[in-house]
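Okay, so here's the structure we're looking at.
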Amino acid sequence: MILKKDISKRMMIFLGILLIALVILPHVSTLSTTTLFSRIFIMAIYAMSYDILRGYMGFINLGHALFFGSGAYIVGILFNNIGNTVPMFLVAIVITLIYSSIAALIMGKIVFRSKGGGAASVVAGAMTTLALGEIVRHTAERWRDVTMGADGLSFRIPPVFADRTMFYYYALIFLIVMTLILRQFINSPTGRVLMSIRENEQRAEFLGFDTEKYKLIGLQVSGIASGFSGVMFGVMNRFVNTELLTVQQTLNALLITLVGGTGTLYGAIIGSGFVNIVQSQLLNFRRVHPIFERWLLFFGAMYVIVVIFMPKGFMGLYYSITDKRKSKLQNQTIKETSGKTS
Amino acid sequence: MGEILIETKDIGISFGGHKAVNKVSIKLEKGKLTTILGPNGAGKTTLFNLISGLLEPTEGQVFFKGTDITRLSPLKRIKMGMGRSFQLTNVFGALTAFENIRLAMQSKENIGFKIFTDHRKYHQLNEKTDKILEKVLLKDKKEFLASELSHGEQRKLELGMVMALDPEILLLDEPTAGMAIEEVPVMIDIMKNIQKSGTTIILIEHKMDMVKTLSDKLIIIVNGMFLTEGDPETVSKDPEVLKAYLGGGVLDELAAKS
Ligand SMILES: Nc1ncnc2c1ncn2[C@@H]1O[C@H](COP(=O)(O)OP(=O)(O)OP(=O)(O)O)[C@@H](O)[C@H]1O
Ligand SMILES: [Mg+2]
């Protein structure tokens, strides 16, 4: 399933065409579509970072938004207080990197301490992450001098990011680079150990892996990616508020990975496209009927539909189609060879 | 007696008043294949759990190569050279057979926390993994997901994973459990080969006839307690052992003695 071999030639061609289409897109679409796609790219990385945890490590993090929201706050606070320059953007990236790895370390040290698995400890772990996320959100709300509390923080961004079309390209590059990095991580020896931990942590430990350390690394990588996507999100919106730190924001990542396919990495990109497009369409329908303002309602409905009809998301659907074709071929060859021997 | 690799001293554990393992003292000799034999529920797996660190004893101590390891984590024991398999098949279902063993090999070769190199680039690991797959007769199944393998194949895979770790001492919990009769000799051959390479093996079984030819020594556990030990010929003829296997009096006798 997840252990897909290297990309086929056909896939390369498809990706090439897709890339060209995405490069052309802002020149043939409206500004709002361009911005929507920037959002899709950034949210894809946010969701991908979540997939590393849930899909590859088997860890449910209900406080995942704390990395994302903090990234957005870090860049906003720096631009607001020190200066909206490109070097300051780079400083924001570095600070987010450090902040996320420390936050992940603290979170992991607390959550991963209780060993042994079991439903009770999974729930306890999830609850702890929820509480940690809430602590960060609460802090952001209370620290009014810097964060403007519940009003949210608006800020100016460096001129190079101001052009929507140019920003679209930055977001696209961000998507590609981060996807390659996270893909490399999943294919690294450490990534493989994480998958074995998802399958059976006790067994992984009996193979001689210090599972807690591996999980900490996984959470740090995921947290950093989430934080970076938060920085990009903040720059795109030129605004950050505590909503980016809420459980709802974590659930967005969950929904995107569910729709796209958990444990598939690329599912996050497809899921982000689907969810964001549906969400923006619903907002357009607001004029038709106020019920369309109830994003949460549709969120729930979409969740149910996916779980019932597409339990493995779009990527699962895709893999099952290609696998069927493959296993058909395999069956044929088995029949042929067994025909020869008998 | 040769060098002792593992020793338990009056080790015991109780679950809610029930003594699953009760003051068991055994010595396991280097280079030998020792079989722990006993009826269902005798406490064999629990004894393994105490030796491998999955459970902490309520009394007694465990020594490994002369060191008291009673309070050490399973991980530390593995790093010291202990390997174990599980009675209930315990493989990584969503990963391929190859990947299951490759991971064990990765651990053995101490690749460490690499995050930016591709796991497929470690050609040496891949070659060694292929060799193990060959040894456990799963070479043609290497690209199958572990969950797609038959029960017998999963047992072989499980064995392959501990073999890849190349431990000094191997704890095997009923490696033939649930296997089809015709597959059992294959498994025995594999174990013989491991033994030949110098690895110490402790085997849990409850099928007396299967282990008689294979083992250097038998240790009989009944009702959580050590009953007797010795070479397979003598022990298998021991009337007390036979009684234990037929169920009955011996349990009460043991209880009266202690
Ligand atoms: N974690 C546990 N909690 C409670 N009771 C346990 C636990 N593990 C084992 N027991 C009990 O301890 C006793 C010994 O079990 P154990 O699994 O060690 O037996 P065994 O000799 O391995 O049997 P089998 O041949 O069936 O595998 C049984 O009565 C079992 O119910
Ligand atoms: Mg048992």
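Following the order of the structure tokens, chains are lettered A, B, ..., residues in each are numbered from 1, and ligands are numbered from 1.
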**Request:** Based on DSSP run over this structure's backbone, return all residues of stretch 25-120 of chain B in alpha helix (DSSP H), as a VMD selection string.
**Result:** chain B and resid 44 to 52 74 to 79 97 to 108
**Request:** Report as JSON, numbers by chain the set of chain A residues whose atoms approach chain B to within 10 Å, with distances computed over only C-alpha atoms.
**Result:** {"A": [1, 2, 3, 116, 181, 182, 183, 184, 185, 186, 187, 188, 189, 190, 191, 192, 193, 195, 196, 197, 198, 199, 200, 201, 202, 203, 204, 205, 206, 207, 208, 209, 210, 211, 213, 214, 217, 218, 221]}
Go ahead and save the residues from that selection, with N, CA and C atoms, as a tab-separated table (two decimals), in the first residue's frame.
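Wrote it out as again-v1.tsv, contents follow:
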```tsv
chain	number	residue	atom	x	y	z
A	1	MET	N	0.82	-1.21	0.00
A	1	MET	CA	0.00	0.00	0.00
A	1	MET	C	0.86	1.27	0.00
A	2	ILE	N	1.44	1.59	1.15
A	2	ILE	CA	2.14	2.86	1.28
A	2	ILE	C	3.53	2.77	0.66
A	3	LEU	N	4.06	1.57	0.69
A	3	LEU	CA	5.42	1.39	0.20
A	3	LEU	C	5.47	1.38	-1.31
A	116	GLY	N	3.71	1.36	26.34
A	116	GLY	CA	2.85	0.20	26.40
A	116	GLY	C	1.65	0.25	25.48
A	181	ILE	N	11.41	17.13	0.81
A	181	ILE	CA	12.10	16.90	2.09
A	181	ILE	C	11.35	15.86	2.93
A	182	LEU	N	10.04	16.02	3.02
A	182	LEU	CA	9.28	15.08	3.85
A	182	LEU	C	9.26	13.68	3.24
A	183	ARG	N	9.27	13.63	1.93
A	183	ARG	CA	9.34	12.33	1.26
A	183	ARG	C	10.66	11.65	1.58
A	184	GLN	N	11.72	12.45	1.54
A	184	GLN	CA	13.04	11.92	1.89
A	184	GLN	C	13.05	11.41	3.32
A	185	PHE	N	12.39	12.16	4.18
A	185	PHE	CA	12.33	11.76	5.59
A	185	PHE	C	11.62	10.42	5.74
A	186	ILE	N	10.49	10.28	5.06
A	186	ILE	CA	9.71	9.04	5.15
A	186	ILE	C	10.52	7.86	4.62
A	187	ASN	N	11.34	8.10	3.60
A	187	ASN	CA	12.14	7.03	3.02
A	187	ASN	C	13.47	6.81	3.73
A	188	SER	N	13.74	7.62	4.75
A	188	SER	CA	15.01	7.47	5.46
A	188	SER	C	14.90	6.31	6.44
A	189	PRO	N	16.02	5.80	6.91
A	189	PRO	CA	15.96	4.74	7.92
A	189	PRO	C	15.07	5.13	9.10
A	190	THR	N	15.16	6.38	9.53
A	190	THR	CA	14.33	6.81	10.65
A	190	THR	C	12.84	6.75	10.30
A	191	GLY	N	12.51	7.19	9.09
A	191	GLY	CA	11.11	7.14	8.66
A	191	GLY	C	10.57	5.73	8.67
A	192	ARG	N	11.40	4.80	8.24
A	192	ARG	CA	10.99	3.39	8.23
A	192	ARG	C	10.71	2.89	9.65
A	193	VAL	N	11.57	3.30	10.58
A	193	VAL	CA	11.35	2.87	11.96
A	193	VAL	C	10.02	3.42	12.48
A	195	MET	N	7.37	3.88	10.80
A	195	MET	CA	6.30	3.05	10.27
A	195	MET	C	6.19	1.75	11.06
A	196	SER	N	7.32	1.22	11.47
A	196	SER	CA	7.25	-0.01	12.25
A	196	SER	C	6.65	0.27	13.63
A	197	ILE	N	6.88	1.46	14.14
A	197	ILE	CA	6.29	1.84	15.43
A	197	ILE	C	4.77	1.94	15.29
A	198	ARG	N	4.32	2.49	14.17
A	198	ARG	CA	2.89	2.57	13.92
A	198	ARG	C	2.28	1.16	13.89
A	199	GLU	N	3.00	0.24	13.25
A	199	GLU	CA	2.49	-1.12	13.14
A	199	GLU	C	2.46	-1.82	14.49
A	200	ASN	N	3.51	-1.65	15.26
A	200	ASN	CA	3.62	-2.40	16.50
A	200	ASN	C	4.82	-1.89	17.29
A	201	GLU	N	4.54	-0.98	18.18
A	201	GLU	CA	5.64	-0.33	18.88
A	201	GLU	C	6.47	-1.30	19.72
A	202	GLN	N	5.78	-2.22	20.37
A	202	GLN	CA	6.50	-3.16	21.23
A	202	GLN	C	7.49	-4.00	20.41
A	203	ARG	N	7.03	-4.42	19.24
A	203	ARG	CA	7.90	-5.22	18.39
A	203	ARG	C	9.11	-4.40	17.95
A	204	ALA	N	8.85	-3.14	17.61
A	204	ALA	CA	9.94	-2.27	17.18
A	204	ALA	C	10.98	-2.16	18.29
A	205	GLU	N	10.50	-2.07	19.51
A	205	GLU	CA	11.42	-1.97	20.63
A	205	GLU	C	12.23	-3.26	20.77
A	206	PHE	N	11.56	-4.39	20.54
A	206	PHE	CA	12.26	-5.66	20.65
A	206	PHE	C	13.19	-5.93	19.47
A	207	LEU	N	13.11	-5.07	18.47
A	207	LEU	CA	14.13	-5.14	17.42
A	207	LEU	C	15.34	-4.30	17.81
A	208	GLY	N	15.22	-3.61	18.93
A	208	GLY	CA	16.35	-2.83	19.40
A	208	GLY	C	16.29	-1.36	19.06
A	209	PHE	N	15.10	-0.86	18.69
A	209	PHE	CA	14.96	0.56	18.40
A	209	PHE	C	14.49	1.30	19.65
A	210	ASP	N	15.15	2.41	19.94
A	210	ASP	CA	14.72	3.25	21.05
A	210	ASP	C	13.51	4.04	20.55
A	211	THR	N	12.34	3.44	20.69
A	211	THR	CA	11.16	4.00	20.01
A	211	THR	C	10.83	5.42	20.47
A	213	LYS	N	12.84	7.84	21.27
A	213	LYS	CA	13.69	8.80	20.56
A	213	LYS	C	13.22	8.98	19.12
A	214	TYR	N	12.88	7.87	18.48
A	214	TYR	CA	12.41	7.96	17.10
A	214	TYR	C	11.13	8.78	17.01
A	217	ILE	N	11.91	12.44	17.26
A	217	ILE	CA	12.42	12.99	16.00
A	217	ILE	C	11.27	13.20	15.03
A	218	GLY	N	10.38	12.20	14.95
A	218	GLY	CA	9.23	12.31	14.05
A	218	GLY	C	8.37	13.52	14.39
A	221	VAL	N	10.26	16.78	13.35
A	221	VAL	CA	10.23	17.03	11.91
A	221	VAL	C	8.83	17.52	11.51
```
**Asked** Between B:Lys44, B:His151, B:Lys32, B:Lys141, which one has atoms that come closest to ligand 1, using only C-alpha atoms and all ligand atoms?
**Response** B:Lys44
Find the nearest atom pair between each residue of chain B and ligand 1 for residues within 10 Å, count only C-alpha atoms and all ligand atoms, give distances in Å to one decimal, sort rows by chain and ascending number, and present the table as CSV.
```
residue,atom,partner,partner_atom_place_in_ligand_line,distance
B:Ile13,CA,ligand 1,12 (O),8.9
B:Ser14,CA,ligand 1,5 (N),7.8
B:Phe15,CA,ligand 1,4 (C),4.9
B:Gly16,CA,ligand 1,4 (C),7.4
B:Gly17,CA,ligand 1,5 (N),9.8
B:His18,CA,ligand 1,12 (O),7.5
B:Lys19,CA,ligand 1,12 (O),7.3
B:Ala20,CA,ligand 1,12 (O),4.2
B:Val21,CA,ligand 1,14 (C),7.2
B:Ile36,CA,ligand 1,21 (O),9.1
B:Leu37,CA,ligand 1,21 (O),8.1
B:Gly38,CA,ligand 1,21 (O),6.2
B:Pro39,CA,ligand 1,25 (O),5.7
B:Asn40,CA,ligand 1,25 (O),3.6
B:Gly41,CA,ligand 1,19 (O),3.4
B:Ala42,CA,ligand 1,21 (O),3.7
B:Gly43,CA,ligand 1,18 (O),3.1
B:Lys44,CA,ligand 1,21 (O),3.7
B:Thr45,CA,ligand 1,22 (O),3.6
B:Thr46,CA,ligand 1,18 (O),3.6
B:Leu47,CA,ligand 1,18 (O),6.4
B:Phe48,CA,ligand 1,18 (O),7.9
B:Asn49,CA,ligand 1,18 (O),8.2
B:Leu50,CA,ligand 1,18 (O),9.9
B:Leu54,CA,ligand 1,1 (N),9.6
B:Leu55,CA,ligand 1,1 (N),8.1
B:Gln87,CA,ligand 1,27 (O),7.1
B:Leu88,CA,ligand 1,27 (O),9.1
B:Asp173,CA,ligand 1,22 (O),8.1
B:Glu174,CA,ligand 1,27 (O),7.7
B:Ala177,CA,ligand 1,27 (O),9.1
B:Ile204,CA,ligand 1,22 (O),8.0
B:Glu205,CA,ligand 1,25 (O),7.2
B:His206,CA,ligand 1,25 (O),6.2
B:Lys207,CA,ligand 1,25 (O),9.5
B:Ile221,CA,ligand 1,21 (O),7.9
B:Val222,CA,ligand 1,21 (O),8.1
B:Asn223,CA,ligand 1,14 (C),7.7
B:Gly224,CA,ligand 1,14 (C),6.9
```
For the residues in the current selection, export N, CA, C and O atoms as a short mmCIF file (atom, residue, chain, number, x, y, z; two decimals), in the first residue's frame.
```
data_model
loop_
_atom_site.label_atom_id
_atom_site.label_comp_id
_atom_site.auth_asym_id
_atom_site.auth_seq_id
_atom_site.Cartn_x
_atom_site.Cartn_y
_atom_site.Cartn_z
N ILE B 13 6.33 -13.82 39.68
CA ILE B 13 5.40 -12.71 39.45
C ILE B 13 4.00 -13.22 39.71
O ILE B 13 3.69 -14.38 39.42
N SER B 14 3.19 -12.37 40.31
CA SER B 14 1.79 -12.78 40.48
C SER B 14 0.85 -11.76 39.85
O SER B 14 1.12 -10.56 39.84
N PHE B 15 -0.21 -12.28 39.31
CA PHE B 15 -1.26 -11.43 38.72
C PHE B 15 -2.49 -11.55 39.61
O PHE B 15 -3.14 -12.60 39.62
N GLY B 16 -2.74 -10.52 40.35
CA GLY B 16 -3.92 -10.53 41.24
C GLY B 16 -3.97 -11.75 42.13
O GLY B 16 -4.98 -12.44 42.20
N GLY B 17 -2.84 -12.02 42.81
CA GLY B 17 -2.83 -13.14 43.76
C GLY B 17 -2.45 -14.47 43.11
O GLY B 17 -1.96 -15.36 43.79
N HIS B 18 -2.62 -14.58 41.80
CA HIS B 18 -2.28 -15.84 41.13
C HIS B 18 -0.81 -15.82 40.74
O HIS B 18 -0.36 -14.94 40.00
N LYS B 19 -0.05 -16.78 41.27
CA LYS B 19 1.37 -16.80 40.97
C LYS B 19 1.63 -17.49 39.64
O LYS B 19 1.67 -18.72 39.56
N ALA B 20 1.78 -16.70 38.61
CA ALA B 20 1.98 -17.25 37.26
C ALA B 20 3.36 -17.88 37.14
O ALA B 20 3.54 -18.90 36.49
N VAL B 21 4.35 -17.22 37.79
CA VAL B 21 5.70 -17.80 37.89
C VAL B 21 6.08 -17.72 39.36
O VAL B 21 5.93 -16.67 39.99
N ILE B 36 12.19 -25.13 27.29
CA ILE B 36 11.33 -25.03 28.47
C ILE B 36 10.00 -25.63 28.08
O ILE B 36 9.36 -25.22 27.11
N LEU B 37 9.62 -26.63 28.84
CA LEU B 37 8.46 -27.42 28.48
C LEU B 37 7.44 -27.34 29.60
O LEU B 37 7.80 -27.27 30.77
N GLY B 38 6.20 -27.35 29.24
CA GLY B 38 5.17 -27.34 30.27
C GLY B 38 3.80 -27.25 29.64
O GLY B 38 3.69 -26.79 28.50
N PRO B 39 2.78 -27.67 30.36
CA PRO B 39 1.43 -27.62 29.80
C PRO B 39 0.93 -26.19 29.58
O PRO B 39 1.59 -25.24 30.02
N ASN B 40 -0.19 -26.06 28.94
CA ASN B 40 -0.78 -24.73 28.72
C ASN B 40 -0.97 -24.00 30.04
O ASN B 40 -1.40 -24.59 31.02
N GLY B 41 -0.61 -22.74 30.03
CA GLY B 41 -0.82 -21.94 31.24
C GLY B 41 0.19 -22.21 32.33
O GLY B 41 0.02 -21.76 33.47
N ALA B 42 1.26 -22.92 32.00
CA ALA B 42 2.25 -23.25 33.02
C ALA B 42 3.06 -22.05 33.46
O ALA B 42 3.65 -22.04 34.54
N GLY B 43 3.12 -21.04 32.61
CA GLY B 43 3.89 -19.85 32.95
C GLY B 43 5.15 -19.69 32.11
O GLY B 43 6.02 -18.88 32.41
N LYS B 44 5.22 -20.43 31.00
CA LYS B 44 6.42 -20.38 30.16
C LYS B 44 6.60 -19.01 29.52
O LYS B 44 7.67 -18.41 29.60
N THR B 45 5.52 -18.53 28.88
CA THR B 45 5.62 -17.21 28.24
C THR B 45 5.90 -16.13 29.26
O THR B 45 6.69 -15.21 29.03
N THR B 46 5.25 -16.26 30.42
CA THR B 46 5.48 -15.27 31.47
C THR B 46 6.95 -15.27 31.90
O THR B 46 7.54 -14.21 32.11
N LEU B 47 7.54 -16.44 31.98
CA LEU B 47 8.95 -16.54 32.33
C LEU B 47 9.81 -15.82 31.27
O LEU B 47 10.74 -15.08 31.60
N PHE B 48 9.47 -16.01 30.01
CA PHE B 48 10.16 -15.29 28.93
C PHE B 48 10.00 -13.78 29.08
O PHE B 48 10.94 -13.02 28.87
N ASN B 49 8.79 -13.38 29.42
CA ASN B 49 8.53 -11.94 29.59
C ASN B 49 9.38 -11.37 30.72
O ASN B 49 9.84 -10.22 30.64
N LEU B 50 9.62 -12.17 31.74
CA LEU B 50 10.46 -11.71 32.85
C LEU B 50 11.92 -11.64 32.41
O LEU B 50 12.64 -10.70 32.73
N LEU B 54 9.83 -7.63 29.50
CA LEU B 54 8.49 -7.14 29.18
C LEU B 54 7.67 -6.99 30.46
O LEU B 54 6.80 -6.13 30.57
N LEU B 55 7.98 -7.84 31.43
CA LEU B 55 7.32 -7.76 32.74
C LEU B 55 8.40 -7.60 33.80
O LEU B 55 9.51 -8.11 33.65
N GLN B 87 5.06 -15.59 20.89
CA GLN B 87 4.17 -16.73 20.67
C GLN B 87 3.07 -16.37 19.69
O GLN B 87 2.78 -17.11 18.76
N LEU B 88 2.46 -15.19 19.93
CA LEU B 88 1.48 -14.71 18.98
C LEU B 88 2.25 -13.96 17.91
O LEU B 88 3.07 -13.11 18.23
N ASP B 173 9.54 -18.34 21.47
CA ASP B 173 8.31 -18.77 22.13
C ASP B 173 7.42 -19.53 21.14
O ASP B 173 6.75 -18.93 20.32
N GLU B 174 7.44 -20.81 21.24
CA GLU B 174 6.65 -21.71 20.39
C GLU B 174 6.67 -21.30 18.91
O GLU B 174 5.65 -20.95 18.35
N ALA B 177 4.00 -22.80 16.77
CA ALA B 177 2.60 -22.73 17.19
C ALA B 177 1.68 -22.45 16.00
O ALA B 177 1.92 -21.54 15.23
N ILE B 204 10.59 -22.44 23.82
CA ILE B 204 9.42 -22.84 24.59
C ILE B 204 8.61 -23.77 23.71
O ILE B 204 8.41 -23.49 22.53
N GLU B 205 8.17 -24.84 24.29
CA GLU B 205 7.32 -25.76 23.52
C GLU B 205 6.39 -26.45 24.48
O GLU B 205 6.65 -26.51 25.68
N HIS B 206 5.29 -26.98 23.98
CA HIS B 206 4.63 -27.93 24.84
C HIS B 206 4.41 -29.28 24.15
O HIS B 206 3.76 -30.16 24.67
N LYS B 207 5.05 -29.40 22.97
CA LYS B 207 4.98 -30.72 22.32
C LYS B 207 6.28 -31.48 22.61
O LYS B 207 7.32 -31.18 22.04
N ILE B 221 8.40 -26.86 33.48
CA ILE B 221 7.70 -25.90 34.33
C ILE B 221 6.24 -26.36 34.42
O ILE B 221 5.62 -26.63 33.39
N VAL B 222 5.75 -26.44 35.63
CA VAL B 222 4.34 -26.80 35.80
C VAL B 222 3.73 -25.86 36.82
O VAL B 222 4.31 -25.62 37.88
N ASN B 223 2.59 -25.32 36.46
CA ASN B 223 1.86 -24.47 37.40
C ASN B 223 2.74 -23.34 37.96
O ASN B 223 2.68 -23.03 39.15
N GLY B 224 3.55 -22.77 37.11
CA GLY B 224 4.39 -21.64 37.54
C GLY B 224 5.65 -22.05 38.27
O GLY B 224 6.46 -21.20 38.63
#
```
Go through stretch 241-326 of chain A residue by residue and, counting only C-alpha atoms, keep those with an atom at most 12 Å from stretch 128-135 of chain A; for each kept residue give the shortest atom pair and its distance in Å to one decimal, ordered by chain and increasing number, as CSV.
```
residue,atom,partner,partner_atom,distance
A:Thr242,CA,A:Glu134,CA,10.3
A:Glu243,CA,A:Glu134,CA,11.2
A:Leu244,CA,A:Gly133,CA,10.7
A:Leu245,CA,A:Gly133,CA,7.0
A:Thr246,CA,A:Glu134,CA,7.1
A:Val247,CA,A:Leu130,CA,7.3
A:Gln248,CA,A:Leu130,CA,11.0
A:Gln249,CA,A:Gly133,CA,10.6
A:Thr250,CA,A:Gly133,CA,9.4
A:Leu251,CA,A:Leu130,CA,11.3
```
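Straight-line separation from atom CA of B:Thr35 to atom CA of B:Ile194: 14.7 Å.
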Exercise: stretch 144-152 of chain A partners within 6 Å, only C-alpha atoms, chain neighbours under 2 positions left out, as a CSV table (one decimal) with N, CA, C and O atoms, in the first residue's frame:
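Result saved to out_6.csv:
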```
chain,number,residue,atom,x,y,z
A,141,GLU,N,-3.8,34.4,23.5
A,141,GLU,CA,-5.0,35.3,23.8
A,141,GLU,C,-4.7,36.3,24.9
A,141,GLU,O,-5.1,37.5,24.8
A,142,ARG,N,-3.9,35.8,25.9
A,142,ARG,CA,-3.7,36.7,27.1
A,142,ARG,C,-2.5,37.7,26.9
A,142,ARG,O,-2.5,38.7,27.5
A,240,VAL,N,-2.9,37.3,11.6
A,240,VAL,CA,-2.9,36.0,12.4
A,240,VAL,C,-3.8,36.3,13.6
A,240,VAL,O,-3.8,37.3,14.3
A,241,ASN,N,-4.6,35.3,13.9
A,241,ASN,CA,-5.4,35.3,15.2
A,241,ASN,C,-5.4,34.0,15.8
A,241,ASN,O,-4.8,33.0,15.3
```
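By chain and then residue number, the residues within 9 Å of A:Ile256 are Met43, Ala44, Ala47, Met48, Leu251, Gly261, Thr262, Gly267, Ala268, Ile269, Ile270, Gly271, Ser272, Gly273, Phe274, Val275 and Asn276 of chain A, counting only C-alpha atoms and disregarding those fewer than 5 positions away in sequence.
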**Request:** For stretch 155-172 of chain A, list every protein, DNA or RNA residue within 10 Å, evaluated using only C-alpha atoms, and leave out those in the same chain fewer than 4 positions away; present the list as a VMD selection string.
**Result:** chain A and resid 19 22 to 23 25 to 27 31 to 32 34 to 42 75 to 81 83 to 89 176 to 178 229 232 to 240
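Using only C-alpha atoms and all ligand atoms, the smallest distance between any of B:Ile220, B:Leu138, B:Leu172, B:Leu157 and ligand 2 comes from B:Leu172.
Take the candidates B:Gly198, B:Pro167, B:Pro239, B:Pro175 and check each one against ligand 2 using only C-alpha atoms and all ligand atoms; the shortest distance goes to B:Pro175.
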**Message:** For a test of reading the model, state the distance in Å between atom CA of B:Lys156 and atom CA of B:Phe98, rounded to one decimal.
**Reply:** 12.3 Å
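Taking atom CA of B:Glu109 and atom CA of A:Arg54 as endpoints, the distance between them is 28.0 Å.
Counting only C-alpha atoms and all ligand atoms and comparing B:Ile169, B:Ala97, B:Ile11, B:Leu203, the residue that lies closest to ligand 2 is B:Leu203.
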**Request:** Check the DSSP output for the backbone and give back, as number ranges by chain, the residues of stretch 209-251 of chain B in strand (DSSP E or B).
**Result:** B: 217-222, 225-230
